[in-house]
file query21.cif (mmCIF, N, CA and C atoms)
data_model
loop_
_atom_site.label_atom_id
_atom_site.label_comp_id
_atom_site.auth_asym_id
_atom_site.auth_seq_id
_atom_site.Cartn_x
_atom_site.Cartn_y
_atom_site.Cartn_z
N MET D 1 112.85 106.99 124.90
CA MET D 1 112.80 107.64 123.61
C MET D 1 111.40 107.49 123.03
N THR D 2 110.93 108.52 122.39
CA THR D 2 109.62 108.52 121.78
C THR D 2 109.64 107.70 120.50
N GLU D 3 108.58 106.93 120.31
CA GLU D 3 108.45 106.13 119.09
C GLU D 3 108.30 107.07 117.89
N SER D 4 108.97 106.74 116.79
CA SER D 4 108.90 107.61 115.61
C SER D 4 107.51 107.57 114.98
N TYR D 5 107.18 108.62 114.26
CA TYR D 5 105.90 108.66 113.56
C TYR D 5 105.84 107.59 112.48
N ALA D 6 106.95 107.37 111.79
CA ALA D 6 106.97 106.32 110.76
C ALA D 6 106.66 104.95 111.38
N THR D 7 107.21 104.68 112.57
CA THR D 7 106.94 103.43 113.27
C THR D 7 105.47 103.37 113.69
N LYS D 8 104.94 104.48 114.19
CA LYS D 8 103.53 104.51 114.58
C LYS D 8 102.63 104.20 113.38
N ILE D 9 102.96 104.75 112.21
CA ILE D 9 102.17 104.51 111.01
C ILE D 9 102.24 103.02 110.63
N THR D 10 103.44 102.47 110.65
CA THR D 10 103.62 101.06 110.32
C THR D 10 102.87 100.17 111.30
N ASP D 11 102.98 100.46 112.59
CA ASP D 11 102.29 99.67 113.61
C ASP D 11 100.77 99.75 113.43
N MET D 12 100.26 100.93 113.13
CA MET D 12 98.82 101.08 112.95
C MET D 12 98.35 100.31 111.72
N ARG D 13 99.14 100.34 110.65
CA ARG D 13 98.79 99.55 109.46
C ARG D 13 98.72 98.06 109.80
N HIS D 14 99.64 97.60 110.61
CA HIS D 14 99.64 96.20 111.03
C HIS D 14 98.36 95.88 111.82
N GLU D 15 98.00 96.76 112.75
CA GLU D 15 96.78 96.57 113.53
C GLU D 15 95.55 96.58 112.63
N LEU D 16 95.53 97.48 111.65
CA LEU D 16 94.38 97.55 110.75
C LEU D 16 94.26 96.31 109.87
N ARG D 17 95.40 95.76 109.45
CA ARG D 17 95.36 94.51 108.66
C ARG D 17 94.70 93.40 109.48
N ALA D 18 95.04 93.30 110.76
CA ALA D 18 94.44 92.29 111.62
C ALA D 18 92.94 92.54 111.79
N LEU D 19 92.57 93.79 111.97
CA LEU D 19 91.15 94.12 112.10
C LEU D 19 90.40 93.82 110.81
N ASN D 20 91.00 94.17 109.67
CA ASN D 20 90.37 93.90 108.37
C ASN D 20 90.16 92.40 108.16
N ALA D 21 91.09 91.59 108.62
CA ALA D 21 90.95 90.13 108.50
C ALA D 21 89.81 89.62 109.38
N LEU D 22 89.62 90.24 110.52
CA LEU D 22 88.56 89.83 111.44
C LEU D 22 87.18 90.23 110.93
N VAL D 23 87.07 91.44 110.37
CA VAL D 23 85.77 91.96 109.90
C VAL D 23 85.90 92.42 108.45
N PRO D 24 86.09 91.49 107.53
CA PRO D 24 86.38 91.87 106.15
C PRO D 24 85.26 92.66 105.46
N GLU D 25 84.03 92.34 105.75
CA GLU D 25 82.93 93.07 105.09
C GLU D 25 82.87 94.51 105.55
N ALA D 26 83.07 94.74 106.83
CA ALA D 26 83.10 96.12 107.35
C ALA D 26 84.27 96.87 106.74
N ALA D 27 85.43 96.20 106.64
CA ALA D 27 86.61 96.84 106.05
C ALA D 27 86.36 97.18 104.58
N LYS D 28 85.74 96.27 103.85
CA LYS D 28 85.43 96.54 102.43
C LYS D 28 84.46 97.72 102.32
N GLY D 29 83.48 97.76 103.20
CA GLY D 29 82.52 98.87 103.17
C GLY D 29 83.17 100.20 103.46
N PHE D 30 84.04 100.22 104.45
CA PHE D 30 84.74 101.46 104.78
C PHE D 30 85.65 101.87 103.62
N GLY D 31 86.31 100.90 103.01
CA GLY D 31 87.18 101.19 101.87
C GLY D 31 86.39 101.75 100.70
N ALA D 32 85.22 101.19 100.45
CA ALA D 32 84.37 101.70 99.36
C ALA D 32 83.91 103.12 99.66
N LEU D 33 83.55 103.39 100.91
CA LEU D 33 83.15 104.75 101.29
C LEU D 33 84.31 105.72 101.07
N SER D 34 85.50 105.34 101.50
CA SER D 34 86.67 106.20 101.35
C SER D 34 86.96 106.50 99.88
N ARG D 35 86.92 105.45 99.03
CA ARG D 35 87.16 105.66 97.60
C ARG D 35 86.07 106.54 96.99
N GLY D 36 84.83 106.32 97.37
CA GLY D 36 83.73 107.11 96.84
C GLY D 36 83.87 108.58 97.18
N VAL D 37 84.32 108.87 98.38
CA VAL D 37 84.50 110.26 98.80
C VAL D 37 85.68 110.89 98.07
N LYS D 38 86.80 110.18 98.02
CA LYS D 38 88.02 110.76 97.45
C LYS D 38 87.96 110.89 95.93
N GLU D 39 87.25 110.00 95.26
CA GLU D 39 87.26 109.97 93.80
C GLU D 39 86.15 110.80 93.17
N ASN D 40 85.31 111.42 93.97
CA ASN D 40 84.18 112.19 93.44
C ASN D 40 84.12 113.56 94.09
N GLY D 41 83.43 114.47 93.40
CA GLY D 41 83.21 115.80 93.96
C GLY D 41 84.16 116.83 93.40
N PRO D 42 83.89 118.09 93.70
CA PRO D 42 84.68 119.18 93.13
C PRO D 42 86.02 119.43 93.82
N LEU D 43 86.22 118.93 95.03
CA LEU D 43 87.48 119.15 95.73
C LEU D 43 88.53 118.15 95.27
N THR D 44 89.78 118.56 95.30
CA THR D 44 90.87 117.66 94.97
C THR D 44 91.14 116.73 96.16
N VAL D 45 91.87 115.67 95.92
CA VAL D 45 92.25 114.77 97.01
C VAL D 45 93.03 115.54 98.07
N LYS D 46 93.92 116.43 97.63
CA LYS D 46 94.70 117.22 98.59
C LYS D 46 93.78 118.07 99.47
N GLU D 47 92.81 118.72 98.88
CA GLU D 47 91.89 119.55 99.66
C GLU D 47 91.10 118.69 100.65
N LYS D 48 90.67 117.52 100.20
CA LYS D 48 89.92 116.62 101.08
C LYS D 48 90.80 116.13 102.22
N GLU D 49 92.06 115.87 101.93
CA GLU D 49 92.98 115.44 102.99
C GLU D 49 93.23 116.56 104.00
N PHE D 50 93.26 117.81 103.54
CA PHE D 50 93.39 118.92 104.48
C PHE D 50 92.18 118.97 105.42
N VAL D 51 90.99 118.76 104.90
CA VAL D 51 89.78 118.73 105.74
C VAL D 51 89.90 117.58 106.74
N ALA D 52 90.31 116.41 106.25
CA ALA D 52 90.43 115.24 107.12
C ALA D 52 91.47 115.48 108.22
N LEU D 53 92.58 116.12 107.87
CA LEU D 53 93.60 116.41 108.88
C LEU D 53 93.05 117.36 109.94
N GLY D 54 92.39 118.42 109.51
CA GLY D 54 91.82 119.36 110.47
C GLY D 54 90.85 118.67 111.42
N MET D 55 90.02 117.80 110.88
CA MET D 55 89.08 117.06 111.72
C MET D 55 89.81 116.11 112.66
N SER D 56 90.87 115.48 112.17
CA SER D 56 91.64 114.55 113.00
C SER D 56 92.26 115.27 114.19
N ILE D 57 92.74 116.48 113.95
CA ILE D 57 93.33 117.27 115.04
C ILE D 57 92.26 117.62 116.06
N ILE D 58 91.12 118.09 115.60
CA ILE D 58 90.04 118.47 116.52
C ILE D 58 89.51 117.28 117.29
N LEU D 59 89.46 116.11 116.62
CA LEU D 59 88.98 114.89 117.27
C LEU D 59 90.07 114.21 118.10
N ARG D 60 91.31 114.72 118.00
CA ARG D 60 92.44 114.24 118.78
C ARG D 60 92.76 112.77 118.49
N CYS D 61 92.76 112.44 117.21
CA CYS D 61 93.07 111.07 116.78
C CYS D 61 94.46 111.04 116.17
N GLU D 62 95.46 110.72 116.99
CA GLU D 62 96.85 110.76 116.49
C GLU D 62 97.08 109.80 115.33
N PRO D 63 96.56 108.56 115.34
CA PRO D 63 96.77 107.72 114.16
C PRO D 63 96.18 108.34 112.89
N CYS D 64 95.01 108.96 113.00
CA CYS D 64 94.41 109.64 111.84
C CYS D 64 95.29 110.79 111.38
N ILE D 65 95.80 111.57 112.32
CA ILE D 65 96.70 112.68 111.99
C ILE D 65 97.88 112.15 111.18
N ASN D 66 98.49 111.09 111.67
CA ASN D 66 99.66 110.53 111.00
C ASN D 66 99.34 110.08 109.58
N PHE D 67 98.24 109.36 109.42
CA PHE D 67 97.86 108.87 108.08
C PHE D 67 97.55 110.03 107.14
N HIS D 68 96.86 111.06 107.63
CA HIS D 68 96.49 112.17 106.75
C HIS D 68 97.68 113.06 106.42
N VAL D 69 98.62 113.21 107.34
CA VAL D 69 99.86 113.93 107.02
C VAL D 69 100.59 113.18 105.91
N GLU D 70 100.72 111.87 106.06
CA GLU D 70 101.38 111.07 105.03
C GLU D 70 100.66 111.20 103.69
N ALA D 71 99.33 111.13 103.70
CA ALA D 71 98.55 111.26 102.47
C ALA D 71 98.72 112.64 101.84
N LEU D 72 98.81 113.68 102.66
CA LEU D 72 99.02 115.03 102.15
C LEU D 72 100.38 115.15 101.46
N MET D 73 101.38 114.54 102.03
CA MET D 73 102.70 114.58 101.41
C MET D 73 102.64 113.91 100.04
N LYS D 74 101.96 112.77 99.96
CA LYS D 74 101.82 112.06 98.68
C LYS D 74 100.99 112.86 97.68
N ALA D 75 100.07 113.69 98.18
CA ALA D 75 99.20 114.50 97.31
C ALA D 75 99.87 115.80 96.87
N GLY D 76 101.10 116.03 97.31
CA GLY D 76 101.83 117.22 96.87
C GLY D 76 101.66 118.45 97.74
N ALA D 77 101.16 118.30 98.94
CA ALA D 77 101.00 119.44 99.84
C ALA D 77 102.37 119.97 100.24
N THR D 78 102.40 121.24 100.62
CA THR D 78 103.64 121.85 101.11
C THR D 78 103.56 122.04 102.62
N ARG D 79 104.70 122.24 103.22
CA ARG D 79 104.75 122.50 104.65
C ARG D 79 104.02 123.81 104.98
N GLU D 80 104.10 124.78 104.10
CA GLU D 80 103.42 126.06 104.32
C GLU D 80 101.90 125.87 104.27
N GLU D 81 101.40 125.07 103.33
CA GLU D 81 99.96 124.78 103.29
C GLU D 81 99.54 124.05 104.57
N LEU D 82 100.36 123.10 104.99
CA LEU D 82 100.10 122.39 106.23
C LEU D 82 99.96 123.38 107.38
N GLY D 83 100.90 124.32 107.46
CA GLY D 83 100.85 125.32 108.53
C GLY D 83 99.56 126.11 108.54
N ASP D 84 99.06 126.46 107.37
CA ASP D 84 97.81 127.22 107.28
C ASP D 84 96.64 126.40 107.82
N VAL D 85 96.60 125.12 107.48
CA VAL D 85 95.54 124.25 107.98
C VAL D 85 95.70 124.03 109.48
N LEU D 86 96.93 123.88 109.94
CA LEU D 86 97.15 123.72 111.39
C LEU D 86 96.69 124.95 112.15
N ALA D 87 96.95 126.13 111.61
CA ALA D 87 96.50 127.37 112.26
C ALA D 87 94.97 127.39 112.36
N MET D 88 94.29 126.96 111.32
CA MET D 88 92.82 126.92 111.34
C MET D 88 92.32 125.92 112.38
N ALA D 89 93.00 124.76 112.46
CA ALA D 89 92.61 123.76 113.46
C ALA D 89 92.83 124.28 114.87
N ILE D 90 93.91 125.02 115.07
CA ILE D 90 94.17 125.62 116.38
C ILE D 90 93.06 126.61 116.72
N GLN D 91 92.70 127.45 115.75
CA GLN D 91 91.65 128.44 115.98
C GLN D 91 90.34 127.75 116.35
N MET D 92 90.02 126.65 115.69
CA MET D 92 88.76 125.95 115.95
C MET D 92 88.82 125.09 117.21
N GLY D 93 90.01 124.62 117.58
CA GLY D 93 90.12 123.68 118.68
C GLY D 93 90.75 124.21 119.94
N GLY D 94 91.19 125.46 119.94
CA GLY D 94 91.80 126.03 121.14
C GLY D 94 93.05 125.29 121.56
N GLY D 95 93.27 125.19 122.87
CA GLY D 95 94.47 124.57 123.41
C GLY D 95 94.69 123.14 122.94
N PRO D 96 93.68 122.27 123.02
CA PRO D 96 93.89 120.90 122.53
C PRO D 96 94.24 120.87 121.04
N GLY D 97 93.65 121.77 120.26
CA GLY D 97 94.01 121.84 118.84
C GLY D 97 95.47 122.21 118.65
N LEU D 98 95.96 123.10 119.50
CA LEU D 98 97.37 123.51 119.45
C LEU D 98 98.29 122.32 119.72
N MET D 99 97.94 121.50 120.70
CA MET D 99 98.77 120.35 121.05
C MET D 99 98.82 119.32 119.92
N TYR D 100 97.67 119.01 119.33
CA TYR D 100 97.63 118.00 118.27
C TYR D 100 98.16 118.56 116.95
N ALA D 101 98.06 119.86 116.74
CA ALA D 101 98.71 120.46 115.57
C ALA D 101 100.22 120.29 115.69
N GLY D 102 100.74 120.36 116.90
CA GLY D 102 102.17 120.11 117.12
C GLY D 102 102.55 118.70 116.71
N HIS D 103 101.69 117.71 117.03
CA HIS D 103 101.94 116.33 116.59
C HIS D 103 101.98 116.26 115.06
N ALA D 104 101.03 116.92 114.39
CA ALA D 104 100.96 116.86 112.92
C ALA D 104 102.23 117.44 112.31
N LEU D 105 102.71 118.56 112.84
CA LEU D 105 103.92 119.19 112.31
C LEU D 105 105.15 118.31 112.56
N ALA D 106 105.25 117.73 113.74
CA ALA D 106 106.38 116.85 114.04
C ALA D 106 106.37 115.62 113.13
N CYS D 107 105.19 115.08 112.86
CA CYS D 107 105.07 113.94 111.95
C CYS D 107 105.54 114.34 110.57
N TRP D 108 105.09 115.49 110.06
CA TRP D 108 105.50 115.99 108.74
C TRP D 108 107.03 116.10 108.68
N ASP D 109 107.60 116.76 109.66
CA ASP D 109 109.04 117.00 109.65
C ASP D 109 109.83 115.69 109.68
N GLU D 110 109.37 114.73 110.48
CA GLU D 110 110.07 113.44 110.53
C GLU D 110 109.97 112.72 109.19
N LEU D 111 108.77 112.65 108.63
CA LEU D 111 108.59 111.94 107.37
C LEU D 111 109.32 112.63 106.23
N ALA D 112 109.37 113.96 106.24
CA ALA D 112 110.06 114.70 105.19
C ALA D 112 111.57 114.48 105.26
N ALA D 113 112.09 114.26 106.45
CA ALA D 113 113.52 114.07 106.62
C ALA D 113 113.99 112.66 106.23
N ALA D 114 113.03 111.74 106.14
CA ALA D 114 113.38 110.33 105.85
C ALA D 114 113.71 110.12 104.39
#
call {"tool": "encode", "arguments": {"input": "query21.cif", "output": "structure tokens"}}
result
Amino acid sequence: MTESYATKITDMRHELRALNALVPEAAKGFGALSRGVKENGPLTVKEKEFVALGMSIILRCEPCINFHVEALMKAGATREELGDVLAMAIQMGGGPGLMYAGHALACWDELAAA
């Protein structure tokens, strides 16, 4: 049986906590960068998360996809908006983009059903 997306997110958070404990200054710096990007500029957090999701799909980073799908849900994104961004990622990434867009949609559907 395939591991659930919710479990993958929880497991990744656990791994990141261990990494943050090992390299706390790097973790603080990355956190400050993330806050600085999300809290400033003309784009909304939701728009920025859509950009991050598209990049995650193209870069083929499943943990990033999972985290950004979760963040989009919290930011009030809709499944239809997600689909539009996934279509753009597919157009930019070709076949591999299509495969990872499938992961993003499956993650959304699982988390929405919970």
call {"tool": "residues_around", "arguments": {"input": "query21.cif", "residues": "Met88 in chain D", "least_positions_apart": "6", "cutoff": "8 Å", "atoms": "only N, CA and C atoms", "output": "list in words"}}
result
Gly54, Leu82, Gly94 and Gly97 of chain D
call {"tool": "atom_distance", "arguments": {"input": "query21.cif", "atom1": "CA of Arg13 in chain D", "atom2": "CA of Leu33 in chain D"}}
result
18.4 Å
call {"tool": "closest_residue", "arguments": {"input": "query21.cif", "among": "D:Met99, D:Glu70, D:Glu81, D:Ala75", "to": "Val45 in chain D", "atoms": "all atoms listed in the file"}}
result
D:Ala75
call {"tool": "select_by_dssp", "arguments": {"input": "query21.cif", "residues": "chain D", "states": "alpha helix (DSSP H)", "output": "ChimeraX atom specification"}}
result
/D:5-22,24-38,45-59,62-74,79-113
call {"tool": "atom_distance", "arguments": {"input": "query21.cif", "atom1": "CA of Thr10 in chain D", "atom2": "CA of Phe67 in chain D"}}
result
10.0 Å
call {"tool": "atom_distance", "arguments": {"input": "query21.cif", "atom1": "atom C of Arg17 in chain D", "atom2": "CA of Val37 in chain D"}}
result
22.4 Å
